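Note: the block below is coords-v2.txt and it holds compact mmCIF, C-alpha atoms.
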```txt
# COMPACT_ATOMS: atom_id res chain seq x y z
CA MET A 1 124.51 260.26 103.90
CA THR A 2 122.74 257.23 102.39
CA LEU A 3 119.94 256.55 99.93
CA ARG A 4 117.72 255.18 102.68
CA GLY A 5 118.39 258.17 104.92
CA LEU A 6 117.77 260.78 102.24
CA GLY A 7 114.80 258.82 100.91
CA ALA A 8 113.20 258.79 104.34
CA THR A 9 113.19 262.59 104.40
CA ARG A 10 110.96 262.45 101.29
CA GLN A 11 108.83 259.50 102.49
CA LEU A 12 110.46 257.45 99.74
CA ARG A 13 111.24 253.75 100.10
CA ILE A 14 114.37 252.74 98.16
CA GLY A 15 115.14 249.06 97.75
CA THR A 16 116.91 246.29 95.88
CA GLU A 17 116.41 242.66 94.96
CA LEU A 18 118.53 240.25 96.99
CA GLY A 19 120.73 238.67 94.30
CA GLY A 20 123.96 239.23 96.21
CA TRP A 21 122.60 238.21 99.58
CA ASN A 22 125.17 235.42 100.12
CA ASP A 23 127.99 238.00 100.04
CA LEU A 24 128.59 239.54 103.48
CA ARG A 25 129.87 242.77 101.88
CA TRP A 26 126.68 242.99 99.86
CA ARG A 27 124.53 242.54 102.97
CA ARG A 28 126.37 245.28 104.82
CA LEU A 29 126.01 247.68 101.90
CA ALA A 30 122.34 246.84 101.37
CA ALA A 31 121.55 247.40 105.05
CA GLN A 32 123.33 250.74 104.90
CA GLN A 33 121.70 252.05 101.72
CA PHE A 34 118.22 250.51 101.46
CA ASN A 35 115.06 250.27 103.56
CA TYR A 36 113.09 248.12 101.09
CA GLY A 37 113.68 244.98 99.04
CA THR A 38 112.39 242.03 97.05
CA LEU A 39 111.65 238.59 98.48
CA GLU A 40 111.59 236.27 95.47
CA THR A 41 108.96 233.55 95.73
CA TYR A 42 109.04 231.77 92.39
CA TRP A 43 106.78 228.74 92.25
CA SER A 44 109.18 226.64 90.17
CA ALA A 45 111.99 227.11 92.71
CA ASP A 46 109.94 226.65 95.88
CA SER A 47 107.74 223.65 95.02
CA THR A 48 109.22 220.71 93.14
CA GLN A 49 106.19 218.52 93.86
CA ARG A 50 102.54 219.26 94.47
CA GLY A 51 101.81 220.49 97.97
CA VAL A 52 105.47 220.47 99.08
CA TYR A 53 107.30 223.78 99.60
CA ASN A 54 110.74 224.83 100.77
CA PHE A 55 110.93 228.38 102.16
CA GLN A 56 114.23 228.03 104.04
CA ARG A 57 116.08 230.57 101.89
CA GLN A 58 113.28 233.13 102.13
CA ASP A 59 112.92 232.63 105.88
CA ARG A 60 116.61 233.46 106.35
CA GLN A 61 116.25 236.54 104.17
CA VAL A 62 113.17 237.69 106.07
CA ASN A 63 115.03 237.37 109.37
CA TRP A 64 118.01 239.30 108.00
CA ALA A 65 115.76 242.04 106.63
CA ARG A 66 113.99 242.40 109.97
CA ARG A 67 117.32 242.92 111.73
CA ALA A 68 118.41 245.42 109.06
CA LYS A 69 115.05 247.24 109.27
CA ILE A 70 114.39 246.53 105.60
CA GLN A 71 110.80 246.02 104.50
CA LEU A 72 110.38 243.24 101.92
CA TYR A 73 107.66 242.76 99.34
CA GLY A 74 106.83 239.35 97.85
CA HIS A 75 107.55 238.77 94.17
CA ALA A 76 105.60 237.01 92.76
CA LEU A 77 102.70 234.78 93.78
CA VAL A 78 101.92 234.00 90.14
CA TYR A 79 104.56 234.37 87.41
CA PRO A 80 102.80 232.56 84.56
CA GLN A 81 105.60 232.10 82.04
CA PHE A 82 105.96 228.41 81.18
CA ARG A 83 109.63 228.25 82.24
CA LEU A 84 108.68 229.39 85.77
CA ILE A 85 105.90 226.87 86.27
CA PRO A 86 106.90 223.74 88.27
CA ASP A 87 107.48 220.65 86.14
CA TRP A 88 104.78 218.68 87.94
CA LEU A 89 102.24 221.34 87.03
CA ARG A 90 103.48 222.12 83.54
CA ARG A 91 103.54 218.44 82.57
CA GLY A 92 100.37 217.47 84.44
CA ARG A 93 96.96 216.83 82.98
CA PHE A 94 94.31 218.66 84.93
CA THR A 95 90.86 220.03 84.24
CA ARG A 96 90.24 223.78 84.19
CA GLU A 97 88.61 223.54 87.61
CA GLN A 98 91.64 221.68 88.97
CA TYR A 99 94.02 224.33 87.61
CA ILE A 100 91.96 226.97 89.42
CA GLU A 101 92.08 224.97 92.64
CA ILE A 102 95.86 224.47 92.34
CA LEU A 103 96.35 228.19 91.72
CA GLN A 104 94.26 229.14 94.74
CA GLN A 105 96.00 226.61 96.98
CA HIS A 106 99.41 227.92 95.95
CA ILE A 107 98.56 231.55 96.70
CA THR A 108 97.02 230.56 100.03
CA THR A 109 100.03 228.46 101.05
CA VAL A 110 102.64 231.12 100.24
CA MET A 111 100.77 234.06 101.73
CA THR A 112 99.86 232.13 104.87
CA HIS A 113 103.49 231.14 105.46
CA PHE A 114 104.63 234.78 105.35
CA LYS A 115 101.56 236.38 106.91
CA GLY A 116 102.57 239.03 109.41
CA LYS A 117 106.02 239.32 107.79
CA ILE A 118 105.28 240.26 104.17
CA HIS A 119 102.61 242.92 103.76
CA GLU A 120 102.91 243.63 100.03
CA TRP A 121 102.66 241.15 97.17
CA VAL A 122 103.05 241.16 93.44
CA VAL A 123 100.08 238.87 92.93
CA VAL A 124 100.48 238.40 89.18
CA ASN A 125 103.53 239.27 87.11
CA GLU A 126 103.51 239.75 83.30
CA ALA A 127 100.04 238.46 82.49
CA LEU A 128 97.89 237.99 79.39
CA GLU A 129 100.38 238.08 76.56
CA THR A 130 98.98 238.57 73.08
CA GLY A 131 99.87 236.56 69.98
CA GLU A 132 99.10 233.12 68.67
CA HIS A 133 101.24 231.27 71.24
CA PRO A 134 101.31 233.28 74.48
CA ARG A 135 103.80 232.19 77.15
CA ASP A 136 101.18 232.75 79.85
CA PHE A 137 100.52 229.26 81.24
CA PHE A 138 97.33 230.08 83.12
CA GLN A 139 95.91 232.12 80.26
CA ARG A 140 95.97 228.89 78.25
CA LYS A 141 94.75 226.57 81.00
CA ILE A 142 92.12 228.76 82.71
CA GLY A 143 91.57 231.83 80.55
CA PRO A 144 92.28 235.53 81.15
CA GLU A 145 89.99 235.57 84.17
CA TYR A 146 92.67 233.76 86.17
CA VAL A 147 94.09 237.20 87.01
CA GLU A 148 90.92 238.19 88.85
CA ILE A 149 90.80 234.76 90.51
CA ALA A 150 94.36 235.18 91.77
CA PHE A 151 93.74 238.65 93.17
CA ALA A 152 90.45 237.61 94.79
CA THR A 153 92.23 234.69 96.46
CA ALA A 154 95.04 236.92 97.73
CA ARG A 155 92.52 239.46 99.09
CA ALA A 156 90.69 236.71 100.96
CA VAL A 157 93.90 235.28 102.47
CA ASP A 158 95.14 238.65 103.77
CA PRO A 159 92.67 241.55 103.46
CA THR A 160 95.27 243.95 104.89
CA ALA A 161 98.00 243.21 102.33
CA THR A 162 98.87 245.58 99.49
CA LEU A 163 98.17 243.75 96.23
CA ILE A 164 100.18 244.70 93.13
CA TYR A 165 99.98 243.90 89.43
CA ASN A 166 103.48 244.08 87.87
CA ASP A 167 104.65 244.23 84.24
CA TYR A 168 107.41 245.47 81.93
CA ASN A 169 107.44 248.01 79.06
CA ASN A 170 104.56 249.85 80.76
CA GLU A 171 106.34 253.02 81.91
CA THR A 172 105.77 255.15 78.76
CA THR A 173 102.62 256.11 76.89
CA SER A 174 103.76 254.06 73.88
CA GLY A 175 105.11 251.08 75.86
CA ALA A 176 104.34 247.64 74.44
CA ASN A 177 102.54 246.60 77.65
CA THR A 178 101.15 249.94 78.82
CA GLU A 179 97.67 249.43 77.37
CA ASN A 180 97.53 245.82 78.60
CA THR A 181 98.53 246.94 82.10
CA GLN A 182 95.94 249.72 82.05
CA GLN A 183 93.19 247.29 81.07
CA ILE A 184 94.13 244.77 83.76
CA VAL A 185 94.31 247.53 86.38
CA LYS A 186 90.92 248.89 85.27
CA ARG A 187 89.23 245.50 85.67
CA LEU A 188 90.82 244.83 89.06
CA LYS A 189 89.99 248.32 90.34
CA ALA A 190 86.35 247.82 89.44
CA LEU A 191 86.36 244.73 91.69
CA GLY A 192 88.28 246.39 94.51
CA LEU A 193 91.09 243.84 94.19
CA ILE A 194 94.21 245.93 93.49
CA ASP A 195 96.11 248.49 95.54
CA ALA A 196 99.14 249.41 93.39
CA VAL A 197 100.66 248.89 89.96
CA GLY A 198 104.27 247.83 89.41
CA LEU A 199 106.46 249.23 86.65
CA GLN A 200 109.53 247.04 86.20
CA MET A 201 111.52 249.63 84.22
CA HIS A 202 114.30 247.50 82.76
CA LEU A 203 115.60 250.36 80.62
CA GLY A 204 117.98 250.45 77.67
CA GLY A 205 120.85 252.88 78.10
CA SER A 206 120.64 254.14 74.51
CA THR A 207 116.84 254.61 74.49
CA ARG A 208 115.43 258.10 74.92
CA TYR A 209 112.95 258.51 77.76
CA ARG A 210 111.23 261.87 78.25
CA LYS A 211 110.61 262.79 81.87
CA ALA A 212 107.24 264.33 81.04
CA ASP A 213 106.12 261.11 79.37
CA LEU A 214 107.23 259.02 82.35
CA VAL A 215 105.33 261.28 84.74
CA GLN A 216 102.21 261.25 82.55
CA THR A 217 102.19 257.45 82.32
CA MET A 218 102.72 256.95 86.05
CA ARG A 219 99.89 259.32 86.93
CA ALA A 220 97.53 257.83 84.35
CA TYR A 221 97.22 254.55 86.27
CA GLU A 222 95.36 256.42 89.04
CA LEU A 223 96.82 254.06 91.62
CA PRO A 224 100.00 254.16 93.70
CA VAL A 225 102.88 253.25 91.40
CA HIS A 226 105.76 251.07 92.58
CA ILE A 227 108.91 251.03 90.46
CA THR A 228 109.82 247.41 91.11
CA GLU A 229 112.80 246.30 89.00
CA LEU A 230 114.75 249.31 87.78
CA ASP A 231 118.06 248.89 85.98
CA VAL A 232 119.75 250.56 83.00
CA ASP A 233 121.40 248.18 80.51
CA LEU A 234 124.49 249.70 78.86
CA ARG A 235 125.33 246.98 76.32
CA SER A 236 124.23 249.22 73.44
CA VAL A 237 126.14 252.27 74.71
CA ALA A 238 129.56 252.73 73.09
CA GLY A 239 132.56 254.71 74.25
CA SER A 240 134.75 254.78 77.33
CA GLN A 241 133.50 253.43 80.63
CA THR A 242 133.45 256.97 81.96
CA ARG A 243 131.19 258.10 79.13
CA ARG A 244 128.93 255.07 79.45
CA PHE A 245 128.49 255.49 83.20
CA ARG A 246 127.76 259.21 82.87
CA LYS A 247 125.06 258.50 80.30
CA GLN A 248 123.60 255.89 82.63
CA ALA A 249 123.64 258.38 85.50
CA ARG A 250 121.59 260.86 83.48
CA LEU A 251 118.90 258.25 82.90
CA TYR A 252 118.85 257.14 86.54
CA ARG A 253 118.51 260.81 87.48
CA ARG A 254 115.63 261.33 85.05
CA VAL A 255 113.75 258.31 86.39
CA LEU A 256 114.06 259.41 90.02
CA GLU A 257 113.05 262.97 89.19
CA ALA A 258 110.03 261.68 87.27
CA ALA A 259 109.07 259.35 90.11
CA LEU A 260 109.20 262.14 92.68
CA GLU A 261 107.21 264.47 90.43
CA ALA A 262 104.56 261.77 89.86
CA GLY A 263 104.23 261.10 93.61
CA VAL A 264 105.87 257.66 93.58
CA THR A 265 106.91 256.56 97.07
CA THR A 266 108.49 253.16 96.28
CA ILE A 267 111.43 252.60 93.96
CA ASN A 268 113.29 249.28 93.85
CA VAL A 269 116.40 248.57 91.77
CA TRP A 270 116.88 245.12 90.25
CA GLY A 271 120.33 244.51 91.62
CA LEU A 272 122.59 246.55 93.87
CA SER A 273 125.84 245.70 92.07
CA ASP A 274 126.82 244.78 88.51
CA ARG A 275 128.59 241.76 90.03
CA TYR A 276 125.26 240.13 90.89
CA SER A 277 122.96 241.58 88.24
CA TRP A 278 120.68 239.16 86.39
CA LEU A 279 121.88 240.82 83.18
CA GLU A 280 125.41 239.54 83.78
CA LEU A 281 124.67 236.03 85.02
CA PRO A 282 125.91 233.36 82.56
CA SER A 283 122.75 231.35 83.26
CA GLU A 284 120.52 234.09 81.83
CA ARG A 285 119.71 233.93 78.14
CA ASN A 286 119.72 237.71 77.90
CA ALA A 287 123.00 238.29 79.76
CA SER A 288 125.97 240.36 78.61
CA PRO A 289 129.16 241.38 80.46
CA LEU A 290 128.67 244.84 78.94
CA SER A 291 125.31 245.44 80.65
CA ASP A 292 126.72 247.13 83.79
CA PRO A 293 123.14 248.03 84.81
CA CYS A 294 123.34 248.87 88.52
CA LEU A 295 124.11 251.72 90.91
CA TYR A 296 127.28 249.95 92.10
CA ASP A 297 130.01 248.38 89.98
CA GLU A 298 131.58 244.90 90.02
CA ASN A 299 133.60 245.80 93.12
CA LEU A 300 130.58 247.17 94.98
CA GLN A 301 131.80 250.73 94.51
CA PRO A 302 129.28 253.53 93.79
CA LYS A 303 128.92 254.64 90.19
CA PRO A 304 127.88 258.09 88.89
CA ALA A 305 124.28 256.84 88.92
CA TYR A 306 124.46 256.50 92.69
CA GLN A 307 125.82 260.05 93.00
CA ALA A 308 123.04 261.30 90.71
CA TRP A 309 120.42 259.84 93.06
CA ILE A 310 122.12 261.34 96.10
CA GLU A 311 122.03 264.74 94.41
CA VAL A 312 118.37 264.43 93.39
CA LEU A 313 117.39 263.47 96.93
CA GLN A 314 119.39 266.43 98.25
CA GLY A 315 117.67 268.73 95.78
CA VAL A 316 120.81 269.37 93.73
CA SER A 317 120.33 269.92 89.98
CA GLY A 318 122.76 269.24 87.15
CA SER A 319 125.07 266.37 86.22
CA PRO A 320 126.71 264.04 88.77
CA LYS A 321 130.14 265.07 89.97
CA ARG A 322 132.83 264.14 87.45
CA THR A 323 135.28 263.19 90.18
CA LEU A 324 133.22 260.30 91.48
CA TYR A 325 134.22 257.67 88.90
CA PRO A 326 137.39 258.51 86.93
```

Starting from the coordinates I provided, produce the structure as structure tokens.
Amino acid sequence: MTLRGLGATRQLRIGTELGGWNDLRWRRLAAQQFNYGTLETYWSADSTQRGVYNFQRQDRQVNWARRAKIQLYGHALVYPQFRLIPDWLRRGRFTREQYIEILQQHITTVMTHFKGKIHEWVVVNEALETGEHPRDFFQRKIGPEYVEIAFATARAVDPTATLIYNDYNNETTSGANTENTQQIVKRLKALGLIDAVGLQMHLGGSTRYRKADLVQTMRAYELPVHITELDVDLRSVAGSQTRRFRKQARLYRRVLEAALEAGVTTINVWGLSDRYSWLELPSERNASPLSDPCLYDENLQPKPAYQAWIEVLQGVSGSPKRTLYP
């Protein structure tokens, strides 16, 4: 009885990002539990100088995923925050037309390298921030139309690929980025350039989320919804570890129930184990050892949240079994 096995009975793809991939125990567990996952293709990490790329890490991950029968999606062709733009590009002096050309060349290079292996792409991630000083690099250098340019380029490179726009705080009707996501999706749909919308769903453990609101928001996009980066941060949840994990399990349960009710067929967690979660990495500005955001704990043991998902997929109602995590 595994997540991937139970998910398959509901035509549901369940995946994880590959943060613990160097750990053999992690790889075994991921292959057992998941049939989907994230291939990270961040421009700043893959290209330290113009026109030069290093995909060795991703190629190894793609080969592993093929053997494990795990389907990977690419994340992301364009992540426009300044800190994720290569130094040579961020510090360069180019005309608007040259920025467009560089953007198009990058998308073409990455997609061409993985063509036939990666069939789904987050084309643009977290675009068009508002405010006086937006962190969106290409919004400043090209203008908001760079989103359409990126999607048109991706469509031309691989007309058969599923193209996704991905953002955060867009899973509720009142989410800070829900309206922005809806507007971007509307423009791309009118041009026939988008196939799905990604909801990151980095959730706070002490925040209240109504299932009906989640379902309503997912359906309102009128496109297939992919939950792309789900985790539940517990740093604001007080009490014993048992209490904290049970509260987390209730929220994981609610999200999966909402996703199934809304017709979502792809749900991807942002980290299999707390040991490798981005929210507990010392290098992350937003990290905390109290986050404990994943389905598995520091020792790669299942938490009540995992049991809650098993029960939902089996059609069992109620709270997760109390005996799972003493």

Excluding Ala258 of chain A and residues on its chain fewer than 3 positions from it, collect all residues at most 6 Å away from it, counting all atoms listed in the file, and give them as a PDB file with C-alpha atoms, keeping the file's coordinate frame.
```pdb
ATOM      1  CA  LYS A 211     110.610 262.790  81.870  1.00  0.00           C
ATOM      2  CA  VAL A 215     105.330 261.280  84.740  1.00  0.00           C
ATOM      3  CA  VAL A 255     113.750 258.310  86.390  1.00  0.00           C
ATOM      4  CA  GLU A 261     107.210 264.470  90.430  1.00  0.00           C
TER       5      GLU A 261
END
```

Fewer than 6 positions away in the same chain doesn't count, so skip those; otherwise give me all residues within 12 Å of Thr173 of chain A, counting all atoms listed in the file, as a ChimeraX atom specification.
-> /A:179-182,209-221

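If you look at atom CA of Glu126 of chain A and atom CA of Ala249 of chain A, they are 27.5 Å away from each other.
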
Which is closer to Ala45 of chain A than all the others in A:Pro86, A:Gly204, A:Gly5, A:Gly19, using only C-alpha atoms?
->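 Comparing A:Pro86, A:Gly204, A:Gly5, A:Gly19 against Ala45 of chain A, the winner is A:Pro86.
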
Atom CA of Tyr165 of chain A and atom CA of Thr265 of chain A are how many Å apart?
->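 Atom-to-atom, atom CA of Tyr165 of chain A to atom CA of Thr265 of chain A, that is 16.3 Å.
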
Have a look at atom CA of Gly7 of chain A and atom CA of Gln314 of chain A and let me know their distance in Å, one decimal.
-> 9.3 Å

For Leu191 of chain A, please output as an MDAnalysis selection string all residues within 9 Å (counting all atoms listed in the file; exclusion window: fewer than 4 positions along the same chain).
-> chainID A and resid 148 152 186:187

With distances taken over all atoms listed in the file, which of A:Trp64, A:Trp88, A:Tyr79, A:Phe55 is nearest to Leu18 of chain A?
->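 The answer is A:Trp64, which sits nearest to Leu18 of chain A.
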
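Distance annotation: of A:Arg90, A:Arg66, A:Arg60, A:Arg13, the residue with the minimal separation from Lys117 of chain A is A:Arg66; atom set is only C-alpha atoms.
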
Best match for closeness to Thr48 of chain A among A:Asp158, A:Glu257, A:Asp233, A:Asp87, counting only C-alpha atoms |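 Of A:Asp158, A:Glu257, A:Asp233, A:Asp87, the one nearest Thr48 of chain A is A:Asp87, counting only C-alpha atoms.
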
Could you give me, as an mmCIF file with C-alpha atoms, keeping the file's coordinate frame, the residues within 6 Å of segment 80-82 of chain A, counting all atoms listed in the file and dropping anything in the same chain fewer than 6 positions from it?
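Generated output (selection_30.cif):
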```cif
data_model
loop_
_atom_site.group_PDB
_atom_site.id
_atom_site.type_symbol
_atom_site.label_atom_id
_atom_site.label_comp_id
_atom_site.auth_asym_id
_atom_site.auth_seq_id
_atom_site.Cartn_x
_atom_site.Cartn_y
_atom_site.Cartn_z
ATOM 1 C CA ARG A 135 103.800 232.190 77.150
ATOM 2 C CA ASP A 136 101.180 232.750 79.850
ATOM 3 C CA PHE A 137 100.520 229.260 81.240
#
```

Name all residues at most 10 Å from Tyr296 of chain A (count only C-alpha atoms; drop same-chain ones fewer than 4 positions away) and give them as a CSV table (one decimal) with C-alpha atoms, in the frame of the given file.
```
chain,number,residue,atom,x,y,z
A,271,GLY,CA,120.3,244.5,91.6
A,272,LEU,CA,122.6,246.6,93.9
A,273,SER,CA,125.8,245.7,92.1
A,274,ASP,CA,126.8,244.8,88.5
A,275,ARG,CA,128.6,241.8,90.0
A,292,ASP,CA,126.7,247.1,83.8
A,300,LEU,CA,130.6,247.2,95.0
A,301,GLN,CA,131.8,250.7,94.5
A,302,PRO,CA,129.3,253.5,93.8
A,303,LYS,CA,128.9,254.6,90.2
A,304,PRO,CA,127.9,258.1,88.9
A,305,ALA,CA,124.3,256.8,88.9
A,306,TYR,CA,124.5,256.5,92.7
```

Identify which of the residues A:Gly20, A:Arg4, A:Ser174, A:Glu40 lies closest to Glu298 of chain A, counting all atoms listed in the file when measuring atom-to-atom distances.
->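 Distance minimum relative to Glu298 of chain A lands on A:Gly20.
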
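Each of A:Gly92, A:Gly315, A:Gly205, A:Gly74 was compared to Thr162 of chain A using all atoms listed in the file, and A:Gly74 turns out to be the nearest.
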
Residues around (121.3, 256.5, 93.7), cut-off 8 Å, counting only C-alpha atoms - what are they as a PDB file with C-alpha atoms, keeping the file's coordinate frame?
```pdb
ATOM      1  CA  LEU A   3     119.940 256.550  99.930  1.00  0.00           C
ATOM      2  CA  TYR A 252     118.850 257.140  86.540  1.00  0.00           C
ATOM      3  CA  LEU A 295     124.110 251.720  90.910  1.00  0.00           C
ATOM      4  CA  ALA A 305     124.280 256.840  88.920  1.00  0.00           C
ATOM      5  CA  TYR A 306     124.460 256.500  92.690  1.00  0.00           C
ATOM      6  CA  GLN A 307     125.820 260.050  93.000  1.00  0.00           C
ATOM      7  CA  ALA A 308     123.040 261.300  90.710  1.00  0.00           C
ATOM      8  CA  TRP A 309     120.420 259.840  93.060  1.00  0.00           C
ATOM      9  CA  ILE A 310     122.120 261.340  96.100  1.00  0.00           C
TER      10      ILE A 310
END
```
